[in-house]
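Chemist: There's a structure below that I have some questions on.
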Amino acid sequence: MTAAPTPRPGGARPSVPVTLDGTDVLAHEGETILALARRVGVPIPTLCQLDGLSVYGGCRLCSVEVAGEHRLPLACATEVVPEMEVRTTSPTLANHRRRIVALLFAEGSHVCAACVASGACELQDLASENGVDHISYEMTFPRTPVDASHPKFILDRDRCVLCTRCVRVCDEIEGAHVWDIAQRGNQAHLIAGMDQPWGEVSSCTWCGKCVAVCPTGALAWQGTAPGELHADPGLIAFLTDARDGTWDDRAGGNERRDDEEVAP
Amino acid sequence: MTDTTEPGVHGRRLRVATAWLGGCSGCHMSFLDLDESLFDLADRADIVFGPLADIKVFPADVDLTLVEGSVTNSDNQELAAAIRANTTVVVSFGDCAVTGNITSLRNGLGDPSGMLERVYVEHPDLTGQLPTDVVPTLLPQALPLHDVIDVDVYLPGCPPSAARIKAALFALLDAIESGQDVQSVMATRAPDDIRFGN
């Protein structure tokens, strides 16, 4: 969790020539493929990535194809180099992304109809956007006891996709470091404090940022009924921009950055 | 899997069935929400089996069956096998059939006997005994339909909206009549037509 947050390019003109899905574009030096794609309006699916947090590269949904590269680099963690040729869609990538989403469904208990996050869930959206209409893998149907020990919030690990957004936001933004991932592989799971009930962790400040960034219904406010949870992942970029002094609170002030010239 | 190279009509009207396995009937309620489009369906096809037709045995030569619900007991298992044996295009209809959904919430509890004890024996308002006659035996796990029989088309949603059902149903009937491959017809669906939950 020590990596620096994704650089957010400032006023300098982009100067690195890159081919993105067959179109010539100019990237900023040190810009990631994902940041470039978003700036020029090319969608790449993501899950663990969140603006304002360090790069984790765990979900691998943002894998892209780069000419000359045998492996599929992660758009969130790969900086552009001059003359790079990037493809963000292909049958291989589509298949890869469908499998990742299906595996996430298979290893959790993602019952959308009974979930607080239904309708505002990034995993549910990813299934729709990537054409996952069934799960071809054997479902594991886990049933882990819910941690409802916190007076304000609730944790259902069966809905956790191990994206570590909560771990990172608590460590990097709130500075409390309540969360960690314990164990490995299919034993990996989210723990609070020293593997304590969340309500007994005295370092928790009750700020709720972990709930705001959770892409699924794993972290929720107490008393939330199915379909009632609405996460606020954009909160974190707002906070980091505000701390950097780059947040412009005039109407539309922050949108100017998206209008930068991208072609020669 | 399914041979759809032959026109499904065989010189007769299309034969459509629906089935209700381990589900809440919500998918069938949504099917009834087709409203006036049910007349369009009746113009093209006979409904030959399902909760909406008083027919006891699953018939032969069915072109399309919408199967609601997961396979959660021995009756579901038998009916699923009969559906597959007699249907050209089997549609996994709604989230319970597609993923197990609500009915699969019991799966993480393990063997269903503990759950049955809790509901039928420990509950003070009931007779204090497990039902054994007539009631089918619960399987150890509630299973998605495709874990039990081959499925041709998946129609997720809890329930799938009437609009989603209508789009899929009529596209499938067209495909069956014209001898097109149903999977390639469904592959062109919009993201909004593929969605778990409600």
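Just remember, in the structure tokens the first chain shown is A, the second B, etc., residues are 1-based per chain, and ligands are 1-based in the order shown.
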May I ask you to extract the residues of chain A within 12 Å of chain B, using only C-alpha atoms, and to give them as a PyMOL selection string?

Modeler: chain A and resi 102+105-145+158+226-227

Chemist: Counting only C-alpha atoms, what is within 8 Å of A:Tyr56, bar same-chain residues fewer than 5 positions away, as a PyMOL selection string?

Modeler: chain A and resi 48-49+77+164

Chemist: Please, what distance in Å, to one decimal, runs between atom CA of A:Val16 and atom CA of A:Ala35?

Modeler: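 Atom CA of A:Val16 sits 13.4 Å away from atom CA of A:Ala35.
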
Chemist: Extract the full set of strand (DSSP E) residues from stretch 11-77 of chain A according to DSSP on the backbone, and format it as a list in words.

Modeler: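 Selecting the strand (DSSP E) positions of stretch 11-77 of chain A gives Val16, Pro17, Val18, Thr19, Leu20, Thr23, Asp24, Val25, Leu26, Ala27, Glu65 and Val66 of chain A.
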
Chemist: Give me the residues within 9 Å of A:Gly193 as a ChimeraX atom specification, counting only C-alpha atoms and dropping any in the same chain fewer than 6 places off.

Modeler: /A:177-180,200-204

Chemist: For the residues selected in the previous step, produce a file with N, CA and C atoms as a compact mmCIF listing (two decimals), in the first residue's frame.

Modeler:
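Printed below is part.txt as written:
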# COMPACT_ATOMS: atom_id res chain seq x y z
N HIS A 177 -6.20 2.51 8.95
CA HIS A 177 -5.76 1.14 8.65
C HIS A 177 -6.49 0.09 9.50
N VAL A 178 -7.80 0.12 9.42
CA VAL A 178 -8.61 -0.88 10.12
C VAL A 178 -8.57 -2.22 9.38
N TRP A 179 -8.52 -2.17 8.03
CA TRP A 179 -8.74 -3.38 7.22
C TRP A 179 -7.45 -3.99 6.72
N ASP A 180 -7.48 -5.32 6.57
CA ASP A 180 -6.42 -6.06 5.90
C ASP A 180 -7.03 -7.31 5.27
N GLU A 200 -15.18 -3.92 17.74
CA GLU A 200 -14.19 -3.86 18.82
C GLU A 200 -12.89 -3.22 18.39
N VAL A 201 -12.82 -2.78 17.13
CA VAL A 201 -11.57 -2.19 16.63
C VAL A 201 -11.58 -0.70 16.97
N SER A 202 -10.72 -0.33 17.94
CA SER A 202 -10.78 1.04 18.44
C SER A 202 -10.21 2.05 17.45
N SER A 203 -9.41 1.57 16.45
CA SER A 203 -8.85 2.53 15.49
C SER A 203 -9.89 2.96 14.45
N CYS A 204 -11.02 2.27 14.37
CA CYS A 204 -12.05 2.68 13.40
C CYS A 204 -12.64 4.02 13.83
